[in-house]
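Novice: Right, I'll just put the structure down here and ask away after.
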Amino acid sequence: MPPTFGGAPKCPVCGKSVYAAEQVLAAGGAFHRQCFKCSVCSKWLESTTVCDKEGVLFCKSCYGKEHGP
């Protein structure tokens, strides 16, 4: 049986495959490290600074400005 490729999860931001060596798991998805940034200010995020609303990533300050505390 031939091998099957393309079984890696897709990044919600760019839509490309995310492999284990480059993934960041958050907000119910697997992201590339370079895609794991705030959708408003483009600040790089970490597991302690990420907030999400319906799959969209925000830093804590932008989330507070957009959606309240």
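Labels for the structure tokens follow display order: chains A, B, ..., residues from 1 in each chain, ligands from 1.
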What residues in chain A get the DSSP label helix (DSSP H, G or I)? Please answer as JSON, numbers by chain.

Specialist: {"A": [20, 21, 22, 33, 34, 35, 60, 61, 62, 63, 64, 65, 66, 67]}

Novice: Report as a PyMOL selection string all protein, DNA and RNA residues lying within 10 Å of stretch 56-65 of chain A, evaluated on only C-alpha atoms, omitting residues in the same chain fewer than 2 positions from it.

Specialist: chain A and resi 12-13+26-27+35-46+48-54+67-69

Novice: Dump N, CA and C atoms for the selected residues as a short mmCIF file (atom, residue, chain, number, x, y, z; two decimals), in the first residue's frame?

Specialist:
```cif
data_model
loop_
_atom_site.label_atom_id
_atom_site.label_comp_id
_atom_site.auth_asym_id
_atom_site.auth_seq_id
_atom_site.Cartn_x
_atom_site.Cartn_y
_atom_site.Cartn_z
N PRO A 12 -4.93 27.51 11.20
CA PRO A 12 -6.13 28.32 10.96
C PRO A 12 -5.84 29.69 10.34
N VAL A 13 -4.62 30.21 10.49
CA VAL A 13 -4.28 31.53 9.97
C VAL A 13 -3.92 31.48 8.49
N ALA A 26 -2.89 26.00 20.60
CA ALA A 26 -3.69 26.96 21.37
C ALA A 26 -5.03 27.17 20.67
N ALA A 27 -5.99 27.63 21.42
CA ALA A 27 -7.30 28.00 20.88
C ALA A 27 -7.92 26.88 20.05
N CYS A 35 2.78 32.35 12.64
CA CYS A 35 1.38 32.74 12.51
C CYS A 35 0.73 33.02 13.87
N PHE A 36 1.42 32.67 14.95
CA PHE A 36 0.87 32.78 16.30
C PHE A 36 1.09 34.19 16.82
N LYS A 37 0.30 35.15 16.28
CA LYS A 37 0.41 36.54 16.67
C LYS A 37 -0.97 37.18 16.73
N CYS A 38 -1.04 38.32 17.39
CA CYS A 38 -2.31 39.04 17.57
C CYS A 38 -2.85 39.48 16.22
N SER A 39 -4.13 39.30 16.00
CA SER A 39 -4.75 39.68 14.72
C SER A 39 -4.91 41.18 14.59
N VAL A 40 -4.80 41.94 15.68
CA VAL A 40 -4.96 43.39 15.63
C VAL A 40 -3.61 44.10 15.53
N CYS A 41 -2.71 43.84 16.50
CA CYS A 41 -1.44 44.57 16.57
C CYS A 41 -0.24 43.77 16.07
N SER A 42 -0.43 42.52 15.72
CA SER A 42 0.63 41.62 15.21
C SER A 42 1.74 41.35 16.22
N LYS A 43 1.45 41.49 17.49
CA LYS A 43 2.41 41.17 18.55
C LYS A 43 2.53 39.66 18.66
N TRP A 44 3.78 39.15 18.82
CA TRP A 44 3.98 37.71 18.98
C TRP A 44 3.35 37.26 20.29
N LEU A 45 2.70 36.12 20.29
CA LEU A 45 1.98 35.64 21.46
C LEU A 45 2.69 34.45 22.10
N GLU A 46 2.37 34.24 23.36
CA GLU A 46 2.81 33.06 24.10
C GLU A 46 1.57 32.46 24.75
N THR A 48 0.76 32.33 27.72
CA THR A 48 0.25 33.14 28.82
C THR A 48 -0.36 34.46 28.35
N THR A 49 -0.12 34.86 27.11
CA THR A 49 -0.61 36.16 26.63
C THR A 49 -1.68 36.03 25.55
N VAL A 50 -2.11 34.84 25.24
CA VAL A 50 -3.07 34.65 24.15
C VAL A 50 -4.50 34.64 24.68
N CYS A 51 -5.39 35.28 23.94
CA CYS A 51 -6.83 35.21 24.14
C CYS A 51 -7.43 34.94 22.77
N ASP A 52 -8.54 34.24 22.73
CA ASP A 52 -9.17 34.00 21.43
C ASP A 52 -10.67 34.20 21.51
N LYS A 53 -11.20 34.60 20.41
CA LYS A 53 -12.65 34.77 20.27
C LYS A 53 -13.03 34.15 18.95
N GLU A 54 -13.72 33.02 18.99
CA GLU A 54 -14.17 32.29 17.81
C GLU A 54 -13.02 31.96 16.86
N HIS A 67 -13.25 43.45 23.04
CA HIS A 67 -14.37 42.67 23.60
C HIS A 67 -14.65 42.92 25.06
N GLY A 68 -13.96 43.85 25.69
CA GLY A 68 -14.16 44.12 27.11
C GLY A 68 -13.33 43.17 27.95
N PRO A 69 -13.26 43.45 29.25
CA PRO A 69 -12.41 42.64 30.14
C PRO A 69 -12.90 41.21 30.30
#
```

Novice: Quick one: pull the distance between atom CA of A:Lys10 and atom CA of A:Ala30, Å, one decimal.

Specialist: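 Between these atoms lies a distance of 7.1 Å.
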
Novice: From a DSSP calculation on the backbone, collect every residue of chain A in strand (DSSP E) and output the set as number ranges by chain.

Specialist: A: 23-26, 29-32, 50-53, 56-59

Novice: Could you name the residues that touch A:Ala8 at 12 Å or less, counting only C-alpha atoms, but leaving out those on the same chain fewer than 5 positions away, as a list in words?

Specialist: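 Surrounding residues, per the criterion: Gly15, Lys16, Ser17, Val18, Tyr19, Ala20, Ala21, Glu22, Gln23, Gly29, Ala30, Phe31 and His32 of chain A.
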